[in-house]
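Below is one structure, written out as structure tokens; comments come after it.
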Amino acid sequence: MAARLAPEPTADDVITVLRRLRLRAPLVQCLTNSVATNISANVLLALGAAPAMVDIPDEAGEFAPVADGVLVNPGTPGAEARAAMLEAAAGARLAGTPWVLDPVAVGALSVRTRLAHELLRHGPAVVRGNASEVLALAGGGAGGRGVDATDGVEDAIEVSQEFAREHSCVVAVSGPVDVLTDGTRTWRLANGHPWLTQMTGGGCALGAVMAACAGMHTDPLVAAASATAVYTVAAEVAAETAHGPGTFAVHLLDALAALTADDVRRLFRPLPAGAPG
Amino acid sequence: MAARLAPEPTADDVITVLRRLRLRAPLVQCLTNSVATNISANVLLALGAAPAMVDIPDEAGEFAPVADGVLVNPGTPGAEARAAMLEAAAGARLAGTPWVLDPVAVGALSVRTRLAHELLRHGPAVVRGNASEVLALAGGGAGGRGVDATDGVEDAIEVSQEFAREHSCVVAVSGPVDVLTDGTRTWRLANGHPWLTQMTGGGCALGAVMAACAGMHTDPLVAAASATAVYTVAAEVAAETAHGPGTFAVHLLDALAALTADDVRRLFRPLPAGAPG
Amino acid sequence: MAARLAPEPTADDVITVLRRLRLRAPLVQCLTNSVATNISANVLLALGAAPAMVDIPDEAGEFAPVADGVLVNPGTPGAEARAAMLEAAAGARLAGTPWVLDPVAVGALSVRTRLAHELLRHGPAVVRGNASEVLALAGGGAGGRGVDATDGVEDAIEVSQEFAREHSCVVAVSGPVDVLTDGTRTWRLANGHPWLTQMTGGGCALGAVMAACAGMHTDPLVAAASATAVYTVAAEVAAETAHGPGTFAVHLLDALAALTADDVRRLFRPLPAGAPG
């Protein structure tokens with residue numbers, strides 16, 4: 001708990017988290033939306049984690065304490081899913097299992113907005129979304145256009161920092177440059193590829209990777225930044241041989257499975273603190 | 001509304017609709033079945049549209065007026081999905097959002113057959129299905145074998161024309177030759193590839209493309225025919241480099257993303273009026 | 001019913017089942033989990049079967065008698081899914097439609113464990129799972145770690161044989177070597193590839209193939225062994241050209257569609273009776 005706070009994200013940290021992930025094969029409970037469930041499970045399997053889509057009432061709560069990380073993504077939040085998500089978040093909190101909240105389209109739609117605020121009480125380790133979702137969750141925005149952000153990442157930084165401090169969590173804002181903050185430190189990572197936004201579940205699967213990595217480092221910001229780096233560096237490797245969003249999604253799985261320390265050293269691109277986004 | 005009625009489908013119309021789609025990135029609300037949701041979202045993203053799988057009660061009705069087009073596909077119609085579909089269709093009708101009904105396996109199964117007749121009251125802009133589904137919906141057939149048609153496209157033409165006039169909608173019947181009619185004009189399009197039928201959701205995703213294109217032309221028959229053309233021409237491009245149904249589905253996404261006006265001019269194959277199917 | 005009992009699995013039997021499958025295009029009703037539904041349908045389509053995801057109450061029971069085979073996989077067993085599964089199993093039993101039970105994560109989670117025991121009363125033709133799931137279903141194990149087996153295949157053989165005799169069914173235990181038994185005969189098949197375990201739904205889709213093949217041979221053990229052989233031989237063909245789990249899943253579909261009698265003759269690898277696993 002009183003871990004060293006890394007002053008900046010390094011390739012070595014990312015490589016350490018990746019190695020631990022492959023060695024420990026964390027069990028990742030995913031309560032996610034119907035569009036993202038397949039690609040999220042495949043991304044986790046490719047990385048060497050063990051996905052478990054345990055997402056119904058009674059089972060969700062009994063599984064969360066066993067899991068190494070939990071993802072809660074209310075993208076298609078039917079009544080049963082909502083009950084299971086609250087159960088899983090509560091169970092995770094009680095057992096000390098780190099869990100990730102991905103507030104898909106919060107702000108734009110009423111049912112999930114209410115749900116997300118209820119979920120927040122159970123103390124997520126990470127909140128991951130686009131700028132509009134994070135602003136809406138923090139009470140500072142009207143939400144995006146469906147799942148698309150209508151706000152820029154840089155516009156969400158100050159609110160994210162406050163939110164991270166208030167909720168003692170990491171806030172990860174996805175965009176052309178990903179911004180991650182724990183309220184004290186704010187890191188910008190510049191990897192990725194536009195095809196990630198043309199592949200359904202591209203953002204949601206990153207939430208699953210964050211749940212897999214959450215227990216792989218004592219510093220939660222390093223864990224979340226490493227998840228982002230692994231995923232977005234693999235995206236760049238995949239894009240080298242892909243011809244469009246279809247082949248890209250397929251090659252991304254191959255790239256995640258084959259990702260090497262050298263790939264990370266060669267491609268990882270954190271921006272200096274204070275750099276423009 | 002008093003738009004010019006195109007006398008025949010042209011490549012230029014298809015190209016116009018494709019360009020508008022990419023420029024405007026229409027927000028397409030999909031209430032679809034559990035098998036087709038992933039490929040439908042990916043097809044829309046590849047084309048440059050913005051899919052939003054908003055499919056639960058309360059949210060479905062609040063989102064339909066914001067969407068540019070809505071797809072209702074009761075392929076796996078659980079109770080919550082049924083309520084959401086009726087809400088979305090009602091909301092779309094009130095707001096003037098064009099919506100597409102894909103009556104998957106209607107006629108063969110009881111729950112969805114009742115639902116489809118209720119949905120019809122909300123005035124879909126397009127009804128898209130195979131011959132057996134369209135005949136069953138119109139009251140003239142016993143339905144197919146699960147999702148497979150047991151009737152030929154040509155057998156459904158007269159019934160489709162009547163149905164289109166009665167419901168003031170476009171009826172699109174999929175098959176080796178696709179037939180589209182608004183009751184006055186009847187067009188036959190001969191693009192496509194058998195692998196489309198070996199890829200799950202291959203037909204359902206076309207329904208999503210029709211919802212995306214519905215607002216892209218003032219003439220609804222041109223909009224629906226252009227959706228069909230874009231999708232089936234891309235299928236032919238994809239088939240050129242695919243080795244089976246697996247690579248085909250992946251290359252289809254690449255082809256949709258890269259489709260050019262030249263591809264459409266080179267491959268679009270409408271049949272002359274009255275031609276045999 | 002009083003069919004010849006094959007003394008050992010042969011390539012010719014596998015080829016016969018594959019040919020019948022492609023000729024008859026069996027209608028396979030799948031009630032499966034949200035992660036596996038897409039790949040299961042695609043696997044069936046690639047093989048030439050006709051998947052139908054009819055999985056809601058009222059429709060599930062009316063469809064099972066029409067189907068040629070039914071898969072019941074309670075991997076994400078919401079309340080509505082549970083009711084539909086019981087309906088489908090009961091309807092299949094009454095109509096004599098063979099059905100396959102895939103007890104995903106049974107033993108590890110409470111709701112599905114109760115459900116699986118209820119389902120068992122409806123007499124599945126095949127029970128297919130990993131060693132931990134089969135042991136838990138038979139009352140001899142504590143279940144695995146989510147969907148992962150923590151027991152070895154060989155540890156489950158004796159229990160599987162007893163279970164098969166007691167329930168008059170085939171038990172198929174997946175692992176590096178697949179073991180299939182009807183209580184009298186016990187066969188070991190050594191085809192497959194580790195990438196099958198890195199592709200979500202890789203095991204679940206085999207359950208769907210077993211449901212497709214169940215009616216293709218009078219000897220249920222030959223039918224189940226042929227399903228396993230077709231699927232795992234295709235996996236080896238796919239692995240020859242794949243570069244990782246992403247391309248593997250795609251090439252698997254191509255390989256299933258293109259699988260030849262020669263592929264089966266060249267690659268099918270049953271182990272002699274009594275051989276170590």
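In the structure tokens, each chain is lettered A, B, ... as it comes, each chain's residues begin at 1, and ligands are numbered from 1 in order of appearance.
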Chain A contacts to chain B at 10 Å (only C-alpha atoms) as a ChimeraX atom specification:
/A:33-39,75-80,105,108-112,145-148,195,197-201,242-250
How many Å lie between CA of Arg22 in chain B and CA of Ala212 in chain B, rounded to one decimal?
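Distance between the two atoms: 10.4 Å.
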Test item: residues at most 9 Å from Arg19 in chain A, only C-alpha atoms, excluding those fewer than 5 positions along its chain, as a PDB file with N, CA, C and O atoms, in the first residue's frame:
ATOM      1  N   VAL A  14       6.155  -1.436 -17.774  1.00  0.00           N
ATOM      2  CA  VAL A  14       5.185  -2.084 -18.665  1.00  0.00           C
ATOM      3  C   VAL A  14       5.579  -3.544 -18.888  1.00  0.00           C
ATOM      4  O   VAL A  14       4.737  -4.448 -18.806  1.00  0.00           O
ATOM      5  N   ARG A  24       1.081 -15.240 -14.098  1.00  0.00           N
ATOM      6  CA  ARG A  24       0.046 -15.492 -13.082  1.00  0.00           C
ATOM      7  C   ARG A  24      -1.319 -15.815 -13.688  1.00  0.00           C
ATOM      8  O   ARG A  24      -2.190 -16.311 -12.975  1.00  0.00           O
ATOM      9  N   ALA A 261       9.103  -7.812 -25.044  1.00  0.00           N
ATOM     10  CA  ALA A 261       9.712  -6.674 -24.346  1.00  0.00           C
ATOM     11  C   ALA A 261      10.326  -5.707 -25.359  1.00  0.00           C
ATOM     12  O   ALA A 261      10.267  -4.482 -25.192  1.00  0.00           O
TER      13      ALA A 261
END
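Here CA of Leu189 in chain A and CA of Leu71 in chain A stand 21.9 Å from one another.
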Where does DSSP see strand (DSSP E or B) in range 150-252 of chain C, if you list the residues as a PyMOL selection string?
chain C and resi 170-174+178-181+186-189
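Going from CA of Thr10 in chain A over to CA of Pro176 in chain A, you cover 19.5 Å.
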Determine which residues of range 21-84 of chain C receive a DSSP assignment of helix (DSSP H, G or I), computed from the backbone, and state them as a PDB file with N, CA, C and O atoms, in the first residue's frame.
ATOM      1  N   LEU C  21     -23.360 -34.620 -42.676  1.00  0.00           N
ATOM      2  CA  LEU C  21     -23.598 -33.278 -42.130  1.00  0.00           C
ATOM      3  C   LEU C  21     -23.757 -32.271 -43.270  1.00  0.00           C
ATOM      4  O   LEU C  21     -24.692 -31.463 -43.286  1.00  0.00           O
ATOM      5  N   ARG C  22     -22.858 -32.320 -44.231  1.00  0.00           N
ATOM      6  CA  ARG C  22     -22.909 -31.353 -45.329  1.00  0.00           C
ATOM      7  C   ARG C  22     -24.115 -31.599 -46.231  1.00  0.00           C
ATOM      8  O   ARG C  22     -24.688 -30.660 -46.793  1.00  0.00           O
ATOM      9  N   LEU C  23     -24.502 -32.844 -46.367  1.00  0.00           N
ATOM     10  CA  LEU C  23     -25.632 -33.193 -47.227  1.00  0.00           C
ATOM     11  C   LEU C  23     -26.953 -32.803 -46.583  1.00  0.00           C
ATOM     12  O   LEU C  23     -27.851 -32.267 -47.233  1.00  0.00           O
ATOM     13  N   ARG C  24     -27.079 -33.096 -45.294  1.00  0.00           N
ATOM     14  CA  ARG C  24     -28.376 -32.928 -44.630  1.00  0.00           C
ATOM     15  C   ARG C  24     -28.556 -31.546 -44.003  1.00  0.00           C
ATOM     16  O   ARG C  24     -29.673 -31.175 -43.655  1.00  0.00           O
ATOM     17  N   THR C  37     -21.795 -17.477 -28.530  1.00  0.00           N
ATOM     18  CA  THR C  37     -22.886 -17.584 -29.494  1.00  0.00           C
ATOM     19  C   THR C  37     -22.426 -17.290 -30.920  1.00  0.00           C
ATOM     20  O   THR C  37     -22.767 -18.006 -31.861  1.00  0.00           O
ATOM     21  N   ASN C  38     -21.602 -16.264 -31.076  1.00  0.00           N
ATOM     22  CA  ASN C  38     -21.157 -15.869 -32.404  1.00  0.00           C
ATOM     23  C   ASN C  38     -20.264 -16.924 -33.041  1.00  0.00           C
ATOM     24  O   ASN C  38     -20.510 -17.367 -34.169  1.00  0.00           O
ATOM     25  N   ILE C  39     -19.240 -17.354 -32.326  1.00  0.00           N
ATOM     26  CA  ILE C  39     -18.315 -18.330 -32.899  1.00  0.00           C
ATOM     27  C   ILE C  39     -19.018 -19.673 -33.108  1.00  0.00           C
ATOM     28  O   ILE C  39     -18.762 -20.366 -34.109  1.00  0.00           O
ATOM     29  N   SER C  40     -19.938 -20.035 -32.219  1.00  0.00           N
ATOM     30  CA  SER C  40     -20.649 -21.303 -32.383  1.00  0.00           C
ATOM     31  C   SER C  40     -21.482 -21.289 -33.670  1.00  0.00           C
ATOM     32  O   SER C  40     -21.474 -22.263 -34.432  1.00  0.00           O
ATOM     33  N   ALA C  41     -22.185 -20.208 -33.903  1.00  0.00           N
ATOM     34  CA  ALA C  41     -22.987 -20.110 -35.124  1.00  0.00           C
ATOM     35  C   ALA C  41     -22.082 -20.139 -36.354  1.00  0.00           C
ATOM     36  O   ALA C  41     -22.383 -20.803 -37.357  1.00  0.00           O
ATOM     37  N   ASN C  42     -20.951 -19.454 -36.286  1.00  0.00           N
ATOM     38  CA  ASN C  42     -20.050 -19.426 -37.436  1.00  0.00           C
ATOM     39  C   ASN C  42     -19.418 -20.790 -37.707  1.00  0.00           C
ATOM     40  O   ASN C  42     -19.244 -21.179 -38.865  1.00  0.00           O
ATOM     41  N   VAL C  43     -19.081 -21.503 -36.652  1.00  0.00           N
ATOM     42  CA  VAL C  43     -18.531 -22.852 -36.812  1.00  0.00           C
ATOM     43  C   VAL C  43     -19.564 -23.757 -37.487  1.00  0.00           C
ATOM     44  O   VAL C  43     -19.253 -24.500 -38.430  1.00  0.00           O
ATOM     45  N   LEU C  44     -20.800 -23.686 -37.030  1.00  0.00           N
ATOM     46  CA  LEU C  44     -21.847 -24.522 -37.626  1.00  0.00           C
ATOM     47  C   LEU C  44     -22.074 -24.160 -39.095  1.00  0.00           C
ATOM     48  O   LEU C  44     -22.186 -25.037 -39.956  1.00  0.00           O
ATOM     49  N   LEU C  45     -22.134 -22.878 -39.393  1.00  0.00           N
ATOM     50  CA  LEU C  45     -22.331 -22.454 -40.788  1.00  0.00           C
ATOM     51  C   LEU C  45     -21.171 -22.915 -41.657  1.00  0.00           C
ATOM     52  O   LEU C  45     -21.371 -23.365 -42.794  1.00  0.00           O
ATOM     53  N   ALA C  46     -19.953 -22.793 -41.146  1.00  0.00           N
ATOM     54  CA  ALA C  46     -18.785 -23.194 -41.934  1.00  0.00           C
ATOM     55  C   ALA C  46     -18.846 -24.681 -42.271  1.00  0.00           C
ATOM     56  O   ALA C  46     -18.469 -25.108 -43.362  1.00  0.00           O
ATOM     57  N   LEU C  47     -19.368 -25.460 -41.332  1.00  0.00           N
ATOM     58  CA  LEU C  47     -19.464 -26.910 -41.549  1.00  0.00           C
ATOM     59  C   LEU C  47     -20.620 -27.296 -42.456  1.00  0.00           C
ATOM     60  O   LEU C  47     -20.706 -28.440 -42.912  1.00  0.00           O
ATOM     61  N   GLU C  59     -40.600 -20.066 -27.166  1.00  0.00           N
ATOM     62  CA  GLU C  59     -40.042 -20.453 -28.462  1.00  0.00           C
ATOM     63  C   GLU C  59     -39.089 -21.649 -28.340  1.00  0.00           C
ATOM     64  O   GLU C  59     -39.034 -22.497 -29.221  1.00  0.00           O
ATOM     65  N   ALA C  60     -38.333 -21.693 -27.255  1.00  0.00           N
ATOM     66  CA  ALA C  60     -37.336 -22.765 -27.092  1.00  0.00           C
ATOM     67  C   ALA C  60     -38.000 -24.136 -27.101  1.00  0.00           C
ATOM     68  O   ALA C  60     -37.507 -25.085 -27.722  1.00  0.00           O
ATOM     69  N   GLY C  61     -39.126 -24.237 -26.418  1.00  0.00           N
ATOM     70  CA  GLY C  61     -39.822 -25.514 -26.345  1.00  0.00           C
ATOM     71  C   GLY C  61     -40.522 -25.877 -27.645  1.00  0.00           C
ATOM     72  O   GLY C  61     -40.627 -27.047 -28.000  1.00  0.00           O
ATOM     73  N   GLU C  62     -40.982 -24.870 -28.368  1.00  0.00           N
ATOM     74  CA  GLU C  62     -41.677 -25.185 -29.622  1.00  0.00           C
ATOM     75  C   GLU C  62     -40.686 -25.526 -30.736  1.00  0.00           C
ATOM     76  O   GLU C  62     -41.032 -26.216 -31.686  1.00  0.00           O
ATOM     77  N   PHE C  63     -39.460 -25.068 -30.591  1.00  0.00           N
ATOM     78  CA  PHE C  63     -38.485 -25.309 -31.661  1.00  0.00           C
ATOM     79  C   PHE C  63     -37.739 -26.636 -31.499  1.00  0.00           C
ATOM     80  O   PHE C  63     -37.372 -27.267 -32.501  1.00  0.00           O
ATOM     81  N   ALA C  79     -32.053 -15.669 -15.800  1.00  0.00           N
ATOM     82  CA  ALA C  79     -33.312 -16.325 -15.421  1.00  0.00           C
ATOM     83  C   ALA C  79     -34.091 -16.791 -16.655  1.00  0.00           C
ATOM     84  O   ALA C  79     -34.608 -17.910 -16.692  1.00  0.00           O
ATOM     85  N   GLU C  80     -34.183 -15.930 -17.660  1.00  0.00           N
ATOM     86  CA  GLU C  80     -34.940 -16.286 -18.857  1.00  0.00           C
ATOM     87  C   GLU C  80     -34.246 -17.423 -19.604  1.00  0.00           C
ATOM     88  O   GLU C  80     -34.893 -18.346 -20.112  1.00  0.00           O
ATOM     89  N   ALA C  81     -32.938 -17.369 -19.670  1.00  0.00           N
ATOM     90  CA  ALA C  81     -32.172 -18.432 -20.329  1.00  0.00           C
ATOM     91  C   ALA C  81     -32.377 -19.759 -19.623  1.00  0.00           C
ATOM     92  O   ALA C  81     -32.534 -20.804 -20.261  1.00  0.00           O
ATOM     93  N   ARG C  82     -32.386 -19.735 -18.283  1.00  0.00           N
ATOM     94  CA  ARG C  82     -32.574 -20.988 -17.541  1.00  0.00           C
ATOM     95  C   ARG C  82     -33.932 -21.611 -17.862  1.00  0.00           C
ATOM     96  O   ARG C  82     -34.028 -22.821 -18.112  1.00  0.00           O
ATOM     97  N   ALA C  83     -34.970 -20.793 -17.874  1.00  0.00           N
ATOM     98  CA  ALA C  83     -36.307 -21.315 -18.195  1.00  0.00           C
ATOM     99  C   ALA C  83     -36.327 -21.887 -19.607  1.00  0.00           C
ATOM    100  O   ALA C  83     -36.898 -22.960 -19.860  1.00  0.00           O
ATOM    101  N   ALA C  84     -35.696 -21.195 -20.530  1.00  0.00           N
ATOM    102  CA  ALA C  84     -35.690 -21.653 -21.925  1.00  0.00           C
ATOM    103  C   ALA C  84     -34.896 -22.950 -22.068  1.00  0.00           C
ATOM    104  O   ALA C  84     -35.267 -23.838 -22.844  1.00  0.00           O
TER     105      ALA C  84
END
Write out as a ChimeraX atom specification the residues lying within 7 Å of range 100-103 of chain A, counting only C-alpha atoms and excluding same-chain residues fewer than 3 positions away.
/A:70-74,106,116,124-129,133,207,211
For the selection just defined, write its residues with N, CA, C and O atoms to a file, as a PDB file, in the first residue's frame.
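Below you can see result_36.pdb, which holds the result:
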ATOM      1  N   VAL A  70     -11.971  -7.383 -11.589  1.00  0.00           N
ATOM      2  CA  VAL A  70     -13.355  -7.384 -12.071  1.00  0.00           C
ATOM      3  C   VAL A  70     -13.552  -6.175 -12.983  1.00  0.00           C
ATOM      4  O   VAL A  70     -13.085  -5.081 -12.673  1.00  0.00           O
ATOM      5  N   LEU A  71     -14.226  -6.406 -14.106  1.00  0.00           N
ATOM      6  CA  LEU A  71     -14.615  -5.305 -14.987  1.00  0.00           C
ATOM      7  C   LEU A  71     -16.124  -5.142 -14.928  1.00  0.00           C
ATOM      8  O   LEU A  71     -16.864  -6.117 -15.088  1.00  0.00           O
ATOM      9  N   VAL A  72     -16.569  -3.907 -14.723  1.00  0.00           N
ATOM     10  CA  VAL A  72     -18.007  -3.596 -14.764  1.00  0.00           C
ATOM     11  C   VAL A  72     -18.223  -2.549 -15.847  1.00  0.00           C
ATOM     12  O   VAL A  72     -17.771  -1.419 -15.727  1.00  0.00           O
ATOM     13  N   ASN A  73     -18.899  -2.966 -16.925  1.00  0.00           N
ATOM     14  CA  ASN A  73     -19.115  -2.107 -18.090  1.00  0.00           C
ATOM     15  C   ASN A  73     -20.599  -2.139 -18.435  1.00  0.00           C
ATOM     16  O   ASN A  73     -21.083  -3.065 -19.074  1.00  0.00           O
ATOM     17  N   PRO A  74     -21.363  -1.120 -17.968  1.00  0.00           N
ATOM     18  CA  PRO A  74     -22.809  -1.146 -18.180  1.00  0.00           C
ATOM     19  C   PRO A  74     -23.209  -0.617 -19.559  1.00  0.00           C
ATOM     20  O   PRO A  74     -24.005   0.301 -19.683  1.00  0.00           O
ATOM     21  N   VAL A 106     -22.473   6.957 -20.245  1.00  0.00           N
ATOM     22  CA  VAL A 106     -23.056   7.619 -19.081  1.00  0.00           C
ATOM     23  C   VAL A 106     -23.188   9.116 -19.382  1.00  0.00           C
ATOM     24  O   VAL A 106     -22.322   9.712 -20.006  1.00  0.00           O
ATOM     25  N   ALA A 116     -24.366   3.953 -12.710  1.00  0.00           N
ATOM     26  CA  ALA A 116     -22.947   4.277 -12.542  1.00  0.00           C
ATOM     27  C   ALA A 116     -22.712   5.008 -11.224  1.00  0.00           C
ATOM     28  O   ALA A 116     -21.707   4.772 -10.533  1.00  0.00           O
ATOM     29  N   PRO A 124     -14.384   1.841  -7.163  1.00  0.00           N
ATOM     30  CA  PRO A 124     -13.580   1.233  -8.228  1.00  0.00           C
ATOM     31  C   PRO A 124     -12.111   1.616  -8.078  1.00  0.00           C
ATOM     32  O   PRO A 124     -11.787   2.698  -7.577  1.00  0.00           O
ATOM     33  N   ALA A 125     -11.232   0.715  -8.507  1.00  0.00           N
ATOM     34  CA  ALA A 125      -9.802   1.028  -8.529  1.00  0.00           C
ATOM     35  C   ALA A 125      -9.475   1.927  -9.721  1.00  0.00           C
ATOM     36  O   ALA A 125      -8.563   2.751  -9.659  1.00  0.00           O
ATOM     37  N   VAL A 126     -10.213   1.734 -10.806  1.00  0.00           N
ATOM     38  CA  VAL A 126      -9.991   2.503 -12.033  1.00  0.00           C
ATOM     39  C   VAL A 126     -11.340   2.885 -12.625  1.00  0.00           C
ATOM     40  O   VAL A 126     -12.263   2.063 -12.646  1.00  0.00           O
ATOM     41  N   VAL A 127     -11.433   4.108 -13.113  1.00  0.00           N
ATOM     42  CA  VAL A 127     -12.550   4.510 -13.974  1.00  0.00           C
ATOM     43  C   VAL A 127     -11.958   4.805 -15.334  1.00  0.00           C
ATOM     44  O   VAL A 127     -11.023   5.601 -15.448  1.00  0.00           O
ATOM     45  N   ARG A 128     -12.462   4.111 -16.359  1.00  0.00           N
ATOM     46  CA  ARG A 128     -11.912   4.249 -17.694  1.00  0.00           C
ATOM     47  C   ARG A 128     -13.003   4.631 -18.682  1.00  0.00           C
ATOM     48  O   ARG A 128     -14.020   3.936 -18.779  1.00  0.00           O
ATOM     49  N   GLY A 129     -12.834   5.717 -19.387  1.00  0.00           N
ATOM     50  CA  GLY A 129     -13.840   6.094 -20.368  1.00  0.00           C
ATOM     51  C   GLY A 129     -13.300   7.131 -21.318  1.00  0.00           C
ATOM     52  O   GLY A 129     -12.105   7.452 -21.283  1.00  0.00           O
ATOM     53  N   GLU A 133     -17.677  10.743 -21.182  1.00  0.00           N
ATOM     54  CA  GLU A 133     -18.188   9.854 -20.142  1.00  0.00           C
ATOM     55  C   GLU A 133     -17.631  10.231 -18.769  1.00  0.00           C
ATOM     56  O   GLU A 133     -18.357  10.268 -17.775  1.00  0.00           O
ATOM     57  N   GLY A 207     -10.667  -1.784 -21.020  1.00  0.00           N
ATOM     58  CA  GLY A 207     -11.149  -1.872 -19.642  1.00  0.00           C
ATOM     59  C   GLY A 207     -10.891  -3.252 -19.051  1.00  0.00           C
ATOM     60  O   GLY A 207     -10.495  -3.385 -17.890  1.00  0.00           O
ATOM     61  N   ALA A 211      -8.520  -4.423 -15.851  1.00  0.00           N
ATOM     62  CA  ALA A 211      -8.918  -5.306 -14.744  1.00  0.00           C
ATOM     63  C   ALA A 211      -7.915  -6.444 -14.579  1.00  0.00           C
ATOM     64  O   ALA A 211      -7.621  -6.868 -13.461  1.00  0.00           O
TER      65      ALA A 211
END
From the list B:Met216, B:Ala190, B:Cys30, B:Ala25, the nearest residue to Tyr231 in chain B using only C-alpha atoms is B:Ala190
